[in-house]
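Engineer: The following block contains the structure, expressed as structure tokens.
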Amino acid sequence: MSFEVWQVAWFTTWVAAVGTLLILPPGIALGWVLARKNWRGKTLVETLVTLPLVMPPVATGLVLLKLFGRRGLLGRWCESVFGMEIVFTWRAVVIATAVMSFPLLVRTARLSLEGVNPRYEQVARTLGAKPWRVFWTITLPLAARGLVAGAVLAFARALGEFGATIMVAGFIPGRTATLSLSIYHLVQLNRDNEAWGLLTISVALAFGALWLSEVLLRKRPAP
Amino acid sequence: MNLEIAHLQLPLTAFALEMNARLGARITGVFGASGSGKTSLLEVIAGLRRPAAGRIILDGTVLSDAASGAFLAAEQRRIGYVPQDDALFPHLNVRQNLCYSHFADKEGYRPEITYEHVVAVLDIADLTERRVASLSGGERQRVAFGRAVLASPRLLLLDEPLAGLDAELKERVIPYLLTIRDEFGIPMLYVSHNADEIVALCDDVLLLERGRCVRRGTSADLFAVSAAPHYVLKPD
């Protein structure tokens with residue numbers, strides 16, 4: 001396979017990894033809040049978080065385009081504060097993959113954190129541990145396998161992102177071309193043989209990530 | 001120890017927990033059927049639940065006062081809590097469980113309660129490197145007691161700690177609780193629905209029914225021998 005093919009594979013893996021790392025802290029935090037707290041409007045937040053999972057990805061991409069475009073609310077802010085453009089750059093690919101993977105991560109994180117018996121946290125508090133210490137020493141280690149599995153699942157979802165990415169980042173070879181965008185582009189040009197090569201890499205990456213996620217979830221000890 | 005519970009109210013599913021009592025015995029028993037509000041009472045005293053009304057004061061320290069809004073967080077109360085399922089942290093070994101409180105705020109810690117002393121008193125020196133999943137029921141309970149004692153609690157709350165053990169094992173574990181009382185001078189609130197345990201351990205007993213203390217007295221006042229060595233509640 002050519003250098004370009006491996007470059008696309010590397011770029012896709014890299015943006016998926018960066019996107020997943022970006023959503024890890026807010027995803028776990030939101031999962032914890034949803035698992036442990038009750039407040040008015042919780043259902044609304046849950047619905048909003050899940051929206052990208054069920055909305056057409058292209059529609060989510062359009063929202064992102066409007067938000068991060070030069071005249072968009074966040075686009076103008078990023079340009080004035082950091083001096084950086086978002087849309088049609090690698091940053092847009094990272095944002096698109098992060099937004100599309102976020103619901104999966106939050107749902108898995110919530111389930112993992114709900115699986116931790118609150119008695120452990122309560123007893124830790126009676127032993128003098130402050131809430132942050134309880135979280136780091138009890139909640140997080142006991143939910144770790146599920147959280148890692150959720151992160152791997154989010155990463156796998158990010159690898160295959162297409163609809164939102166094409167809207168907000170476009171297909172720019174060498175800048176925003178991911179595996180799925182490149183496969184689509186090659187098929188459009190009737191270069192099926194090259195598309196098959198990319199497809200093989202896509203399947204291998206997605207299979208590996210999902211397999212790892214399954215293994216981690218199955219090995220989760222009963223808390 | 002002087003624990004004052006005044007006009008306490010906590011709404012539960014079927015009834016409200018209501019309590020007005022001043023407790024000072026070395027081991028106070030709370031006796032009642034399942035679902036009578038015993039665990040909820042311990043959770044309120046431990047600071048794990050916030051009562052709707054009333055005041056709880058331990059040795060002059062206001063733990064909670066609904067009228068003024070005062071509420072001391074569980075981690076600041078120094079009240080030990082051993083739940084029915086012992087709740088040993090499954091990802092830590094015995095030594096790490098025992099030492100968990102050592103990283104907490106040292107204020108109020110009693111220097112005479114050392115790791116070596118507690119481990120020796122509870123006969124758990126041989127277990128310290130074991131995973132908690134490999135412990136027997138009696139061993140788990142002794143480790144749970146040790147972990148709570150090592151936090152130098154001003155009061156130890158025990159929620160049916162022997163419920164999962166058979167009669168023979170209970171008889172072996174009860175002396176350890178008496179040793180904790182005598183060796184470390186830690187007062188306890190012992191919750192159970194088992195009359196034999198209450199008689200063996202408690203100086204002062206509260207009988208709880210649907211969230212209210214309906215009778216109070218010594219073990220001799222409240223219980224009578226049925227078929228020796230078992231006890232039953234005397235009729236009112």
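Order determines the names: the first chain of the structure tokens is A, the second B, and so forth; residues in each chain are numbered 1 upward, and ligands are numbered 1 upward as they are shown.
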May I have the residues within 12 Å of range 44-48 of chain A as a list in words, using only C-alpha atoms and disregarding those fewer than 5 positions away in the same chain?
Structural biologist: Leu30, Gly31, Val33, Leu34, Ala35, Asn38, Trp39, Leu53, Val54, Met55, Val99, Phe102, Pro103, Leu104, Val106, Arg107 and Arg110 of chain A
Engineer: Would you save the residues from that selection as a PDB file, in the first residue's frame, using C-alpha atoms?
Structural biologist:
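The resulting file, part-v1.pdb, is reproduced below:
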ATOM      1  CA  LEU A  30     -21.113  13.975  33.156  1.00  0.00           C
ATOM      2  CA  GLY A  31     -21.481  10.196  33.495  1.00  0.00           C
ATOM      3  CA  VAL A  33     -23.298  13.379  37.652  1.00  0.00           C
ATOM      4  CA  LEU A  34     -25.962  11.381  35.785  1.00  0.00           C
ATOM      5  CA  ALA A  35     -25.188   8.232  37.785  1.00  0.00           C
ATOM      6  CA  ASN A  38     -30.816  13.752  40.796  1.00  0.00           C
ATOM      7  CA  TRP A  39     -31.968  17.185  39.798  1.00  0.00           C
ATOM      8  CA  LEU A  53     -26.315   9.456  18.522  1.00  0.00           C
ATOM      9  CA  VAL A  54     -29.723   9.498  16.827  1.00  0.00           C
ATOM     10  CA  MET A  55     -29.610  12.679  14.727  1.00  0.00           C
ATOM     11  CA  VAL A  99     -19.026  15.337  19.353  1.00  0.00           C
ATOM     12  CA  PHE A 102     -19.437  11.842  23.251  1.00  0.00           C
ATOM     13  CA  PRO A 103     -22.876  10.181  23.771  1.00  0.00           C
ATOM     14  CA  LEU A 104     -21.346   6.689  23.612  1.00  0.00           C
ATOM     15  CA  VAL A 106     -21.204   9.228  28.548  1.00  0.00           C
ATOM     16  CA  ARG A 107     -23.591   6.272  28.372  1.00  0.00           C
ATOM     17  CA  ARG A 110     -22.715   6.293  33.441  1.00  0.00           C
TER      18      ARG A 110
END
Engineer: Write out as an mmCIF file with C-alpha atoms, in the first residue's frame the residues lying within 8 Å of Ala74 in chain B, counting only C-alpha atoms and excluding same-chain residues fewer than 6 positions away.
Structural biologist:
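Okay, this is what ended up in out_38.cif:
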data_model
loop_
_atom_site.group_PDB
_atom_site.id
_atom_site.type_symbol
_atom_site.label_atom_id
_atom_site.label_comp_id
_atom_site.auth_asym_id
_atom_site.auth_seq_id
_atom_site.Cartn_x
_atom_site.Cartn_y
_atom_site.Cartn_z
ATOM 1 C CA ARG A 125 -16.284 9.039 53.643
ATOM 2 C CA THR A 126 -16.813 7.777 57.198
ATOM 3 C CA GLY A 128 -12.304 10.558 56.643
ATOM 4 C CA ALA B 46 -23.017 8.826 60.243
ATOM 5 C CA GLY B 47 -23.887 11.861 58.112
ATOM 6 C CA LEU B 48 -24.851 9.839 55.057
#
Engineer: Identify, with DSSP run on backbone atoms, the residues in range 97-192 of chain B assigned to strand (DSSP E), and express the list as a ChimeraX atom specification.
Structural biologist: /B:155-159,188-192
Engineer: Quick one: residues within 7 Å of Val87 in chain A, only C-alpha atoms counted, chain neighbours fewer than 6 positions away excluded, as a list of chain:residue names?
Structural biologist: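 After dropping sequence-adjacent residues, the list is A:Leu65, A:Phe68, A:Gly69, A:Val168, A:Ala169.
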Engineer: Each residue of chain A lying at most 12 Å from chain B should get a row with its shortest atom-to-atom pair and the distance in Å to one decimal, counting only C-alpha atoms; could you produce that, ordered by chain and increasing number, as a Markdown table?
Structural biologist:
| residue | atom | partner | partner_atom | distance |
| --- | --- | --- | --- | --- |
| A:Val116 | CA | B:Phe89 | CA | 10.7 |
| A:Asn117 | CA | B:Ala87 | CA | 8.8 |
| A:Pro118 | CA | B:Ala87 | CA | 9.6 |
| A:Arg119 | CA | B:Ala87 | CA | 6.4 |
| A:Tyr120 | CA | B:Ala87 | CA | 5.6 |
| A:Glu121 | CA | B:Ala87 | CA | 9.2 |
| A:Gln122 | CA | B:Leu48 | CA | 6.8 |
| A:Val123 | CA | B:Tyr81 | CA | 6.5 |
| A:Ala124 | CA | B:Tyr100 | CA | 7.9 |
| A:Arg125 | CA | B:Glu75 | CA | 4.7 |
| A:Thr126 | CA | B:Glu75 | CA | 5.1 |
| A:Leu127 | CA | B:Ser101 | CA | 5.1 |
| A:Gly128 | CA | B:Glu75 | CA | 4.1 |
| A:Ala129 | CA | B:Glu75 | CA | 5.7 |
| A:Lys130 | CA | B:Glu75 | CA | 6.1 |
| A:Pro131 | CA | B:Glu75 | CA | 8.5 |
| A:Trp132 | CA | B:Glu75 | CA | 11.5 |
| A:Arg133 | CA | B:Ala104 | CA | 9.1 |
| A:Val134 | CA | B:Glu75 | CA | 10.2 |
| A:Thr137 | CA | B:Tyr100 | CA | 9.4 |
| A:Ile138 | CA | B:Phe89 | CA | 7.5 |
| A:Thr139 | CA | B:Phe89 | CA | 10.2 |
| A:Leu140 | CA | B:His91 | CA | 10.8 |
| A:Pro141 | CA | B:His91 | CA | 7.4 |
| A:Leu142 | CA | B:His91 | CA | 6.9 |
| A:Ala143 | CA | B:His91 | CA | 10.6 |
| A:Ala144 | CA | B:His91 | CA | 10.8 |
| A:Arg220 | CA | B:His91 | CA | 11.6 |
| A:Pro221 | CA | B:Pro90 | CA | 9.1 |
| A:Ala222 | CA | B:Pro90 | CA | 9.0 |
| A:Pro223 | CA | B:Pro90 | CA | 6.9 |
Engineer: Quick one: residues within 12 Å of Gly37 in chain B, only C-alpha atoms, excluding same-chain residues fewer than 3 positions away - as a ChimeraX atom specification?
Structural biologist: /B:9-19,30-34,40-44,159,191-193,207-213
Engineer: Quick one: pick out all helix (DSSP H, G or I) residues within range 2-169 of chain A from a backbone DSSP run and write them as a PyMOL selection string.
Structural biologist: chain A and resi 3-36+42-54+57-68+73-81+90-114+118-126+131-159+163-169
Engineer: Record the distance separating CA of Gly29 in chain B and CA of Val119 in chain B, expressed in Å with one decimal.
Structural biologist: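 It comes out at 25.7 Å.
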Engineer: Considering only C-alpha atoms, can you say which of A:Leu216, A:Leu111, A:Leu179, A:Ala96 comes closest to Ala149 in chain A?
Structural biologist: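 Checking each of A:Leu216, A:Leu111, A:Leu179, A:Ala96 against Ala149 in chain A, counting only C-alpha atoms, the winner is A:Leu216.
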